Amino acid sequence: METRGGAIIASHLRRVYRKGGRLFRKGGETVAVDDISFQVPQGTIFGLLGPNGAGKTTTIKMLSTLLIPTAGTATVGGHDVVREDRIVRRQLGVVLGGDRGLYAKLSARANLVYFGNLYGMTSESIRRRTGEMLELVNLQDRADDRVEGFSRGMKQRLHLAKALMHDPPILILDEPTIGLDPAAAVELRRAIGRLVPEHSVLLTTHDMHEADQLCSEIAIVDQGLIVAQGTPDELKARVGGNRRVVISTQAPLNGRLAGVEAGLNALVDVQRVITDLDDVGGSRLTVLCTETPRALDTALALLRATDAVITQVQVVEPTLEDVFLSVAGKSFE
Amino acid sequence: MSVAYRTEPVYLLASILATTRRYLQDVSAYVIQLVRWPLGPLFMFATWRITYSASGRTSADGATLSGFLLVGIFGSILWSSSIWGSGYAIQNERDDGTSGSLFLTPVSRAAVVAGYGLGSFIWFLPSFAAVGVLGWITGAHFAVHAPWAVVLAVLALCIASLAAGFTFSGIFILTRRGNLVANVIQSPIYLLGGLMVPLSVLPGWLRPFSDAIPVTHAVVALRESTLLGAGMGSTVHDVALSLIASAAWFVIGLIGLWRVEDVAKRVGQLDLY
Amino acid sequence: MWQSASVSSTSTSRLALQAAIASWKAKIYEHIVVNGLGGYVLVWVAFPVFTLASIGLIYRAHRPGLVGYAVVAIAASAFITNALYYVGQLLDEERHRGTLVNLFLSPAPRLSWLTGLAFAGLFETTVSAAVCLLFGVIAFGVRFDPDLPALVLSFVLFIASLWGLGFVFSAFGLILKRSNDLANLLSSFVFLLGGVYYPISLLPAWLRYPAEALPLGYGMQALTQASLHHAAIAQLAPQLIPLAGFALALPVIGVLTFGWIERKVRRRGDLDLY
């Protein structure tokens with residue numbers, strides 16, 4: 001299969017919605033996706049991370065042939081999503097967000113059999129894959145129950161089974177764990193993690209922990225644009241200065257803190273020292289630094305010299321939220 | 001082991017049959033559906049039969065009242081099965097929130113619509129049987145001189161109904177008021193299609209509207225071939241008119257289906273996904 | 001009892017009225033917005049006109065005397081359609097959207113929002129019936145000679161009976177999950193026995209008995225006599241007395257049935273499934 005470098009290639013995708021127009025009145029425009037380009041390498045999970053309304057779902061709809069881009073091109077498995085939409089659909093398994101999209105009055109098995117037929121699979125393949133998929137998503141015990149009685153987590157797992165039914169080389173998962181309870185989300189993430197390297201996966205999520213855990217590469221999307229892209233470590237390295245050492249003491253240190261602050265500020269690795277009270281009334285010292293061990297050692301030594309009783313020490317690594325904050329200039333939510 | 005795929009023609013047929021099966025599974029999940037379809041036409045037949053008796057008529061367009069109504073109800077069941085089956089196919093998927101899943105697959109949209117139509121036709125079979133028995137009990141007089149003419153007329157009626165289903169499958173979505181339009185067209189068709197009202201009582205200015213409906217000619221062909229002993233000659237004439245109208249409706253239907261997908265994908269509207 | 005400081009309490013009767021009016025407004029607004037004014041007018045207003053045209057054309061040649069009856073009865077049948085379809089269909093829509101549960105969660109009495117929903121339909125149906133009558137006058141030359149007190153009384157009793165009947169239907173729709181299909185089945189039964197296309201006196205004897213067990217035939221008879229033949233209240237006593245009985249009993253039966261079925265559905269735990 002010719003993939004010209006990536007399982008999915010999006011090149012300058014743009015999507016504008018026109019709304020409210022009438023015959024003699026021009027309607028308004030909403031730019032859902034402004035200019036998005038990325039490549040999903042073979043056999044990896046690529047994440048599109050962004051807050052609600054960033055343009056992730058619109059991008060997914062364009063890539064999965066449900067929406068024609070206003071501008072730009074995209075290929076899936078080397079095939080153009082507009083001109084070769086039918087070939088693209090065969091190569092693609094898609095899990096759309098939410099718990100709709102399944103036939104509620106049909107059993108899990110009947111849903112899979114039906115979709116197998118819609119993908120043109122042979123009867124033997126449908127039979128075999130139905131069993132395999134139900135086992136993969138751990139629904140074999142409820143295979144013949146109607147979907148209407150399933151929990152949201154079970155429906156999401158069945159969605160994944162449906163997407164994998166025709167064994168597509170490429171998968172698009174749009175917010176697959178949204179609305180799931182923590183246990184169900186963990187279980188589904190495990191299943192997603194097992195999809196590589198056999199499949200190439202494009203995953204959209206607004207859960208930074210999920211993106212960090214599953215994706216080998218991430219594009220952060222905001223207002224229809226990619227504002228940062230790289231591996232999770234690369235992205236976090238960009239905001240390396242935001243590593244934090246947080247130390248709490250049993251009692252407030254009041255005047256004794258001035259010497260500690262001065263000592264820490266003397267270190268070249270330390271960018272800033274913040275002191276305040278913690279939730280239980282003790283002092284809390286937050287040290288923003290680029291080199292954690294030296295700042296930690298120094299802070300502990302200086303605090304001990306004041307006879308402070310240390311109750312908690314935390315080293316906070318930068319998160320993707322810090323990355324988003326740094327590149328978008330606003331909080332993720 | 002990788003997945004094996006069907007060849008194109010087999011794929012098309014299999015997807016029609018799978019949709020038919022799915023439709024039947026879906027619709028039979030509701031108890032009321034099991035009761036409604038065989039009983040509804042019986043009540044309808046009785047109501048119209050009493051209405052005609054009350055009107056003082058002893059015949060309609062040359063046929064016995066029961067025979068006339070029997071064919072009319074046969075046509076109306078076919079019409080309903082098409083409108084609420086194939087016509088409502090995509091709208092139904094949208095209502096159930098499954099249109100996104102469906103449009104993600106490479107299956108032919110026309111195959112899905114046809115699958116609904118076939119499923120709906122099968123679902124309505126007990127209704128046909130029930131009306132047949134009732135017509136026979138109430139003395140419908142049949143005069144068949146050319147059995148092939150009857151077969152031809154039934155085929156034309158099926159095609160005419162399917163054409164209507166295809167036409168409306170796209171239109172229902174494009175109007176964004178599927179249920180509304182499906183209901184609105186029901187009564188005019190009973191009147192203009194000559195299903196329950198003799199064409200002879202229609203005012204002249206309504207006849208062109210009546211002629212543009214494929215079902216009208218097919219119902220005339222079926223009435224004449226089953227009730228009035230018409231031969232192949234006159235049946236072929238009506239069947240030809242019906243087929244011409246059906247072809248036009250099919251074209252409109254295919255354009256409508258294409259337009260639905262185009263509007264959904266290009267304009268990003270219709271809430272299909 | 002805990003009570004929010006910021007939300008003032010309200011009496012049950014006021015809450016009921018508030019809920020009824022809110023449901024009524026919401027549905028009218030939604031119908032006009034969803035269907036557009038054109039679609040709204042086409043379906044809810046002009047829908048029975050085609051049926052009237054069919055029946056009128058059938059009667060016109062040999063039994064012109066029945067055309068007037070058909071015009072009034074088909075206009076009145078719009079109210080039957082409303083009772084059969086409207087509330088049940090709205091509940092179906094609410095279930096489909098997943099909002100049915102909100103109605104059941106509200107502390108307002110069921111009767112209030114059900115009435116609100118029913119009255120939303122009543123407004124549309126009244127316009128629809130008026131269009132039918134107008135069509136009868138224009139297309140078939142029907143002339144009216146009404147006795148106003150008799151007509152008003154007949155109408156009120158007829159509507160009250162239908163209101164109760166509508167609750168019974170919507171209750172069964174709740175349990176069967178397909179109010180629309182139930183309404184389709186029942187409407188064909190009701191049109192057979194309800195004296196819509198013909199007076200129930202023209203039914204075969206064996207069908208007259210079940211027809212007389214329904215309020216519809218009495219209502220149709222009273223409405224047509226009062227509007228076309230100037231029949232006074234006293235003359236209509238044979239129809240109005242049983243109709244009054246139905247008007248009193250059916251709303252009570254309807255509310256009790258709805259409550260009983262709601263408990264049954266809640267016990268089964270599938271109020272929101274579809």
# chains A, B, ... in the order shown; residues from 1 in each chain; ligands from 1

$ select_by_dssp --residues "stretch 30-213 of chain B" --states "strand (DSSP E)" --output "PyMOL selection string"
chain B and resi 59-60+63-64

$ interface_residues --of "chain C" --to "chain B" --cutoff "7 Å" --atoms "only C-alpha atoms" --output "VMD selection string"
chain C and resid 35 43 47 50 to 51 54 57 to 59 62 to 63 176 181 to 182 185 188 to 189 191 to 192 197 to 198 202

$ write_last_selection --atoms "C-alpha atoms" --output "short mmCIF file (atom, residue, chain, number, x, y, z; two decimals), in the first residue's frame"
data_model
loop_
_atom_site.label_atom_id
_atom_site.label_comp_id
_atom_site.auth_asym_id
_atom_site.auth_seq_id
_atom_site.Cartn_x
_atom_site.Cartn_y
_atom_site.Cartn_z
CA ASN C 35 -41.59 22.88 10.84
CA VAL C 43 -49.61 19.64 8.20
CA PHE C 47 -54.04 17.99 6.63
CA PHE C 50 -57.61 16.09 1.47
CA THR C 51 -59.58 13.48 3.36
CA SER C 54 -62.12 12.43 -1.00
CA LEU C 57 -66.45 13.68 -3.88
CA ILE C 58 -67.70 10.16 -3.15
CA TYR C 59 -70.94 11.43 -1.56
CA HIS C 62 -75.64 10.09 -5.01
CA ARG C 63 -75.97 11.26 -1.37
CA LEU C 176 -45.55 0.40 24.25
CA ASP C 181 -47.84 3.30 15.82
CA LEU C 182 -50.43 2.85 18.54
CA LEU C 185 -53.75 1.52 14.77
CA SER C 188 -58.14 3.30 11.92
CA PHE C 189 -60.35 1.66 14.57
CA PHE C 191 -62.46 6.16 12.16
CA LEU C 192 -64.39 2.95 11.56
CA TYR C 197 -67.14 9.51 7.48
CA TYR C 198 -70.75 8.42 8.10
CA LEU C 202 -75.45 3.61 9.04
#

$ select_by_dssp --residues "stretch 240-323 of chain A" --states "helix (DSSP H, G or I)" --output "PyMOL selection string"
chain A and resi 240-242+254-265+292-305+320-323

$ write_last_selection --atoms "N, CA, C and O atoms" --output "CSV table (one decimal), in the first residue's frame"
chain,number,residue,atom,x,y,z
A,240,GLY,N,10.2,23.4,29.9
A,240,GLY,CA,11.0,22.8,30.9
A,240,GLY,C,11.2,23.6,32.1
A,240,GLY,O,11.2,23.2,33.3
A,241,GLY,N,11.3,25.0,32.0
A,241,GLY,CA,11.4,25.9,33.1
A,241,GLY,C,10.3,25.8,34.1
A,241,GLY,O,10.4,26.4,35.2
A,242,ASN,N,9.2,25.2,33.7
A,242,ASN,CA,8.1,25.1,34.6
A,242,ASN,C,8.1,23.9,35.5
A,242,ASN,O,7.1,23.6,36.2
A,254,ASN,N,7.0,32.3,58.6
A,254,ASN,CA,7.0,33.7,58.8
A,254,ASN,C,8.4,34.3,58.4
A,254,ASN,O,8.9,34.1,57.3
A,255,GLY,N,9.0,35.0,59.3
A,255,GLY,CA,10.2,35.8,59.0
A,255,GLY,C,11.4,34.9,58.6
A,255,GLY,O,12.3,35.4,57.9
A,256,ARG,N,11.4,33.6,58.9
A,256,ARG,CA,12.5,32.7,58.6
A,256,ARG,C,12.6,32.4,57.1
A,256,ARG,O,13.6,31.9,56.6
A,257,LEU,N,11.5,32.7,56.4
A,257,LEU,CA,11.5,32.4,54.9
A,257,LEU,C,12.4,33.3,54.1
A,257,LEU,O,12.9,32.9,53.0
A,258,ALA,N,12.6,34.5,54.6
A,258,ALA,CA,13.4,35.4,53.7
A,258,ALA,C,14.8,34.9,53.4
A,258,ALA,O,15.2,35.0,52.2
A,259,GLY,N,15.4,34.2,54.4
A,259,GLY,CA,16.8,33.7,54.1
A,259,GLY,C,16.7,32.5,53.2
A,259,GLY,O,17.6,32.4,52.3
A,260,VAL,N,15.6,31.7,53.3
A,260,VAL,CA,15.5,30.5,52.4
A,260,VAL,C,15.3,31.0,50.9
A,260,VAL,O,15.9,30.6,50.0
A,261,GLU,N,14.4,32.0,50.8
A,261,GLU,CA,14.2,32.6,49.5
A,261,GLU,C,15.4,33.2,48.8
A,261,GLU,O,15.7,32.9,47.7
A,262,ALA,N,16.2,33.9,49.6
A,262,ALA,CA,17.4,34.5,49.1
A,262,ALA,C,18.4,33.5,48.7
A,262,ALA,O,19.0,33.6,47.6
A,263,GLY,N,18.5,32.4,49.5
A,263,GLY,CA,19.5,31.3,49.2
A,263,GLY,C,19.1,30.7,47.9
A,263,GLY,O,20.0,30.3,47.0
A,264,LEU,N,17.8,30.4,47.7
A,264,LEU,CA,17.3,29.7,46.4
A,264,LEU,C,17.5,30.7,45.2
A,264,LEU,O,17.9,30.2,44.1
A,265,ASN,N,17.1,31.9,45.4
A,265,ASN,CA,17.2,32.9,44.3
A,265,ASN,C,18.7,33.0,43.8
A,265,ASN,O,18.9,33.5,42.7
A,292,THR,N,16.0,20.3,38.6
A,292,THR,CA,15.3,19.9,39.9
A,292,THR,C,16.2,19.5,41.0
A,292,THR,O,16.0,20.0,42.1
A,293,PRO,N,17.1,18.5,40.8
A,293,PRO,CA,17.9,18.0,42.0
A,293,PRO,C,18.6,19.1,42.8
A,293,PRO,O,18.5,19.1,44.0
A,294,ARG,N,19.2,20.0,42.1
A,294,ARG,CA,20.0,21.0,42.9
A,294,ARG,C,19.1,21.9,43.7
A,294,ARG,O,19.3,22.3,44.8
A,295,ALA,N,18.0,22.3,43.0
A,295,ALA,CA,17.0,23.2,43.7
A,295,ALA,C,16.5,22.5,45.0
A,295,ALA,O,16.3,23.1,46.0
A,296,LEU,N,16.1,21.2,44.8
A,296,LEU,CA,15.5,20.4,45.9
A,296,LEU,C,16.5,20.3,47.0
A,296,LEU,O,16.1,20.6,48.2
A,297,ASP,N,17.8,19.9,46.7
A,297,ASP,CA,18.8,19.8,47.7
A,297,ASP,C,19.0,21.1,48.5
A,297,ASP,O,19.0,21.1,49.8
A,298,THR,N,19.1,22.2,47.8
A,298,THR,CA,19.4,23.4,48.4
A,298,THR,C,18.2,23.9,49.3
A,298,THR,O,18.4,24.3,50.4
A,299,ALA,N,17.0,23.7,48.8
A,299,ALA,CA,15.8,24.1,49.5
A,299,ALA,C,15.7,23.3,50.8
A,299,ALA,O,15.4,23.9,51.9
A,300,LEU,N,15.9,22.0,50.7
A,300,LEU,CA,15.8,21.2,51.9
A,300,LEU,C,16.8,21.6,53.0
A,300,LEU,O,16.5,21.7,54.2
A,301,ALA,N,18.1,21.8,52.5
A,301,ALA,CA,19.1,22.2,53.4
A,301,ALA,C,18.8,23.5,54.1
A,301,ALA,O,19.0,23.7,55.3
A,302,LEU,N,18.3,24.5,53.3
A,302,LEU,CA,18.0,25.8,53.9
A,302,LEU,C,16.9,25.7,54.9
A,302,LEU,O,16.9,26.4,55.9
A,303,LEU,N,15.9,24.9,54.6
A,303,LEU,CA,14.7,24.8,55.5
A,303,LEU,C,15.1,24.1,56.8
A,303,LEU,O,14.7,24.4,57.9
A,304,ARG,N,16.0,23.0,56.7
A,304,ARG,CA,16.4,22.3,57.9
A,304,ARG,C,17.2,23.3,58.8
A,304,ARG,O,17.1,23.2,60.0
A,305,ALA,N,17.9,24.2,58.2
A,305,ALA,CA,18.7,25.1,59.0
A,305,ALA,C,17.8,26.0,59.8
A,305,ALA,O,18.2,26.6,60.8
A,320,LEU,N,1.2,18.5,29.9
A,320,LEU,CA,0.7,19.0,28.6
A,320,LEU,C,-0.1,20.3,28.8
A,320,LEU,O,-0.2,21.1,27.9
A,321,GLU,N,-0.7,20.3,29.9
A,321,GLU,CA,-1.5,21.5,30.3
A,321,GLU,C,-0.6,22.8,30.3
A,321,GLU,O,-1.0,23.8,29.8
A,322,ASP,N,0.6,22.5,30.9
A,322,ASP,CA,1.6,23.6,31.0
A,322,ASP,C,2.0,24.0,29.5
A,322,ASP,O,2.1,25.2,29.2
A,323,VAL,N,2.1,23.0,28.7
A,323,VAL,CA,2.4,23.2,27.3
A,323,VAL,C,1.4,24.1,26.6
A,323,VAL,O,1.6,25.1,26.0

$ interface_residues --of "chain B" --to "chain A" --cutoff "6 Å" --atoms "only C-alpha atoms" --output "number ranges by chain"
B: 3-6, 11, 15, 26, 97-98, 101, 105-107, 265-266

$ residues_around --residues "C:Cys132" --least-positions-apart "6" --cutoff "8 Å" --atoms "only C-alpha atoms" --output "list in words"
Ala46, Pro48, Val49, Leu52, Val71, Ile74 and Ala75 of chain C

$ write_last_selection --atoms "all heavy atoms" --output "PDB file, in the first residue's frame"
ATOM      1  N   ALA C  46     -53.941  22.101   7.249  1.00  0.00           N
ATOM      2  CA  ALA C  46     -54.623  21.700   6.025  1.00  0.00           C
ATOM      3  C   ALA C  46     -54.727  20.183   5.847  1.00  0.00           C
ATOM      4  O   ALA C  46     -55.311  19.707   4.883  1.00  0.00           O
ATOM      5  CB  ALA C  46     -53.908  22.312   4.821  1.00  0.00           C
ATOM      6  N   PRO C  48     -56.460  17.596   7.143  1.00  0.00           N
ATOM      7  CA  PRO C  48     -57.711  16.832   6.925  1.00  0.00           C
ATOM      8  C   PRO C  48     -58.466  17.249   5.670  1.00  0.00           C
ATOM      9  O   PRO C  48     -59.416  16.579   5.292  1.00  0.00           O
ATOM     10  CB  PRO C  48     -58.547  17.164   8.163  1.00  0.00           C
ATOM     11  CG  PRO C  48     -57.685  17.960   9.073  1.00  0.00           C
ATOM     12  CD  PRO C  48     -56.601  18.536   8.256  1.00  0.00           C
ATOM     13  N   VAL C  49     -58.037  18.337   5.024  1.00  0.00           N
ATOM     14  CA  VAL C  49     -58.773  18.828   3.865  1.00  0.00           C
ATOM     15  C   VAL C  49     -58.791  17.789   2.735  1.00  0.00           C
ATOM     16  O   VAL C  49     -59.803  17.595   2.065  1.00  0.00           O
ATOM     17  CB  VAL C  49     -58.168  20.176   3.387  1.00  0.00           C
ATOM     18  CG1 VAL C  49     -58.611  20.522   1.986  1.00  0.00           C
ATOM     19  CG2 VAL C  49     -58.561  21.279   4.352  1.00  0.00           C
ATOM     20  N   LEU C  52     -61.290  15.185   3.484  1.00  0.00           N
ATOM     21  CA  LEU C  52     -62.623  15.737   3.263  1.00  0.00           C
ATOM     22  C   LEU C  52     -62.943  15.773   1.768  1.00  0.00           C
ATOM     23  O   LEU C  52     -64.056  15.428   1.359  1.00  0.00           O
ATOM     24  CB  LEU C  52     -62.697  17.149   3.870  1.00  0.00           C
ATOM     25  CG  LEU C  52     -63.979  17.923   3.625  1.00  0.00           C
ATOM     26  CD1 LEU C  52     -65.197  17.149   4.112  1.00  0.00           C
ATOM     27  CD2 LEU C  52     -63.930  19.274   4.327  1.00  0.00           C
ATOM     28  N   VAL C  71     -68.495  17.100   6.256  1.00  0.00           N
ATOM     29  CA  VAL C  71     -67.707  18.323   6.478  1.00  0.00           C
ATOM     30  C   VAL C  71     -67.558  18.592   7.974  1.00  0.00           C
ATOM     31  O   VAL C  71     -66.447  18.793   8.483  1.00  0.00           O
ATOM     32  CB  VAL C  71     -68.361  19.535   5.760  1.00  0.00           C
ATOM     33  CG1 VAL C  71     -67.713  20.842   6.218  1.00  0.00           C
ATOM     34  CG2 VAL C  71     -68.236  19.390   4.256  1.00  0.00           C
ATOM     35  N   ILE C  74     -65.626  15.550   9.755  1.00  0.00           N
ATOM     36  CA  ILE C  74     -64.181  15.484   9.471  1.00  0.00           C
ATOM     37  C   ILE C  74     -63.457  16.657  10.127  1.00  0.00           C
ATOM     38  O   ILE C  74     -62.344  16.515  10.634  1.00  0.00           O
ATOM     39  CB  ILE C  74     -63.920  15.382   7.949  1.00  0.00           C
ATOM     40  CG1 ILE C  74     -64.373  13.987   7.475  1.00  0.00           C
ATOM     41  CG2 ILE C  74     -62.444  15.577   7.623  1.00  0.00           C
ATOM     42  CD1 ILE C  74     -64.358  13.773   5.986  1.00  0.00           C
ATOM     43  N   ALA C  75     -64.147  17.821  10.155  1.00  0.00           N
ATOM     44  CA  ALA C  75     -63.552  18.954  10.891  1.00  0.00           C
ATOM     45  C   ALA C  75     -63.386  18.561  12.361  1.00  0.00           C
ATOM     46  O   ALA C  75     -62.327  18.786  12.964  1.00  0.00           O
ATOM     47  CB  ALA C  75     -64.436  20.181  10.755  1.00  0.00           C
TER      48      ALA C  75
END

$ atom_distance --atom1 "atom CA of B:Gly75" --atom2 "atom CA of B:Leu157"
7.1 Å

$ residues_around --residues "B:Ala221" --least-positions-apart "4" --cutoff "9 Å" --atoms "only C-alpha atoms" --output "short mmCIF file (atom, residue, chain, number, x, y, z; two decimals) with all heavy atoms, in the first residue's frame"
data_model
loop_
_atom_site.label_atom_id
_atom_site.label_comp_id
_atom_site.auth_asym_id
_atom_site.auth_seq_id
_atom_site.Cartn_x
_atom_site.Cartn_y
_atom_site.Cartn_z
N ALA B 149 -50.98 -10.17 -17.57
CA ALA B 149 -51.28 -8.72 -17.44
C ALA B 149 -51.33 -8.34 -15.95
O ALA B 149 -50.89 -7.26 -15.56
CB ALA B 149 -52.60 -8.41 -18.11
N VAL B 150 -51.88 -9.27 -15.15
CA VAL B 150 -51.94 -9.02 -13.70
C VAL B 150 -50.53 -8.93 -13.13
O VAL B 150 -50.20 -8.02 -12.36
CB VAL B 150 -52.75 -10.14 -12.98
CG1 VAL B 150 -52.75 -9.90 -11.47
CG2 VAL B 150 -54.16 -10.21 -13.50
N LEU B 152 -47.84 -8.22 -14.69
CA LEU B 152 -47.21 -6.99 -15.18
C LEU B 152 -47.69 -5.77 -14.38
O LEU B 152 -46.89 -4.90 -13.98
CB LEU B 152 -47.59 -6.82 -16.66
CG LEU B 152 -46.73 -5.88 -17.50
CD1 LEU B 152 -45.31 -6.40 -17.57
CD2 LEU B 152 -47.33 -5.73 -18.90
N ALA B 153 -48.98 -5.74 -14.10
CA ALA B 153 -49.54 -4.60 -13.37
C ALA B 153 -49.01 -4.56 -11.93
O ALA B 153 -48.69 -3.49 -11.42
CB ALA B 153 -51.06 -4.70 -13.36
N VAL B 154 -48.90 -5.76 -11.30
CA VAL B 154 -48.37 -5.80 -9.93
C VAL B 154 -46.92 -5.32 -9.92
O VAL B 154 -46.52 -4.53 -9.05
CB VAL B 154 -48.47 -7.24 -9.34
CG1 VAL B 154 -47.69 -7.35 -8.04
CG2 VAL B 154 -49.93 -7.62 -9.10
N ALA B 156 -45.54 -3.31 -12.05
CA ALA B 156 -45.54 -1.86 -12.27
C ALA B 156 -45.88 -1.10 -10.99
O ALA B 156 -45.28 -0.06 -10.69
CB ALA B 156 -46.54 -1.50 -13.37
N LEU B 157 -46.82 -1.67 -10.23
CA LEU B 157 -47.22 -1.03 -8.97
C LEU B 157 -46.06 -1.05 -7.97
O LEU B 157 -45.81 -0.06 -7.26
CB LEU B 157 -48.45 -1.74 -8.40
CG LEU B 157 -49.17 -1.08 -7.22
CD1 LEU B 157 -49.50 0.37 -7.50
CD2 LEU B 157 -50.45 -1.85 -6.89
N THR B 216 -50.82 5.93 -9.99
CA THR B 216 -52.15 6.07 -10.59
C THR B 216 -52.34 5.07 -11.73
O THR B 216 -53.32 4.31 -11.75
CB THR B 216 -52.31 7.51 -11.16
OG1 THR B 216 -51.96 8.43 -10.13
CG2 THR B 216 -53.73 7.77 -11.62
N HIS B 217 -51.39 5.08 -12.66
CA HIS B 217 -51.54 4.24 -13.86
C HIS B 217 -51.41 2.76 -13.49
O HIS B 217 -52.09 1.91 -14.06
CB HIS B 217 -50.47 4.61 -14.90
CG HIS B 217 -50.44 6.08 -15.18
ND1 HIS B 217 -51.40 6.70 -15.95
CD2 HIS B 217 -49.60 7.06 -14.77
CE1 HIS B 217 -51.14 8.00 -16.00
NE2 HIS B 217 -50.05 8.24 -15.28
N SER B 225 -57.05 -5.30 -15.03
CA SER B 225 -56.64 -6.68 -15.33
C SER B 225 -57.20 -7.68 -14.33
O SER B 225 -57.36 -8.85 -14.65
CB SER B 225 -55.10 -6.78 -15.38
OG SER B 225 -54.55 -6.40 -14.14
N THR B 226 -57.50 -7.26 -13.12
CA THR B 226 -58.01 -8.22 -12.13
C THR B 226 -59.53 -8.17 -11.99
O THR B 226 -60.15 -9.18 -11.68
CB THR B 226 -57.41 -7.95 -10.72
OG1 THR B 226 -57.64 -6.59 -10.40
CG2 THR B 226 -55.95 -8.28 -10.65
N ALA B 230 -59.42 -7.11 -18.34
CA ALA B 230 -58.68 -6.46 -19.42
C ALA B 230 -57.56 -7.37 -19.94
O ALA B 230 -56.97 -8.14 -19.17
CB ALA B 230 -58.09 -5.15 -18.91
N SER B 234 -54.44 -3.29 -23.27
CA SER B 234 -54.73 -2.07 -22.50
C SER B 234 -53.86 -2.00 -21.24
O SER B 234 -53.50 -0.91 -20.79
CB SER B 234 -56.22 -2.00 -22.13
OG SER B 234 -56.53 -2.99 -21.19
N THR B 235 -53.50 -3.17 -20.68
CA THR B 235 -52.65 -3.17 -19.48
C THR B 235 -51.28 -2.60 -19.82
O THR B 235 -50.74 -1.77 -19.06
CB THR B 235 -52.50 -4.60 -18.93
OG1 THR B 235 -53.79 -5.13 -18.69
CG2 THR B 235 -51.71 -4.62 -17.63
N VAL B 236 -50.75 -3.05 -20.96
CA VAL B 236 -49.40 -2.58 -21.36
C VAL B 236 -49.38 -1.06 -21.48
O VAL B 236 -48.43 -0.41 -21.07
CB VAL B 236 -48.96 -3.26 -22.69
CG1 VAL B 236 -47.78 -2.53 -23.31
CG2 VAL B 236 -48.61 -4.71 -22.44
N HIS B 237 -50.47 -0.52 -22.00
CA HIS B 237 -50.55 0.93 -22.18
C HIS B 237 -50.42 1.66 -20.82
O HIS B 237 -49.61 2.57 -20.63
CB HIS B 237 -51.87 1.30 -22.86
CG HIS B 237 -52.10 2.77 -22.96
ND1 HIS B 237 -52.97 3.43 -22.11
CD2 HIS B 237 -51.55 3.71 -23.78
CE1 HIS B 237 -52.94 4.72 -22.41
NE2 HIS B 237 -52.10 4.92 -23.42
N ASP B 238 -51.23 1.19 -19.86
CA ASP B 238 -51.17 1.83 -18.53
C ASP B 238 -49.84 1.57 -17.82
O ASP B 238 -49.30 2.45 -17.14
CB ASP B 238 -52.32 1.32 -17.65
CG ASP B 238 -53.66 1.89 -18.10
OD1 ASP B 238 -53.70 3.08 -18.43
OD2 ASP B 238 -54.65 1.13 -18.14
N VAL B 239 -49.34 0.34 -18.01
CA VAL B 239 -48.06 0.00 -17.37
C VAL B 239 -46.94 0.88 -17.95
O VAL B 239 -46.08 1.36 -17.21
CB VAL B 239 -47.74 -1.50 -17.55
CG1 VAL B 239 -46.28 -1.81 -17.23
CG2 VAL B 239 -48.65 -2.35 -16.66
#

$ atom_distance --atom1 "atom CA of B:Leu104" --atom2 "atom CA of A:Ala191"
21.9 Å
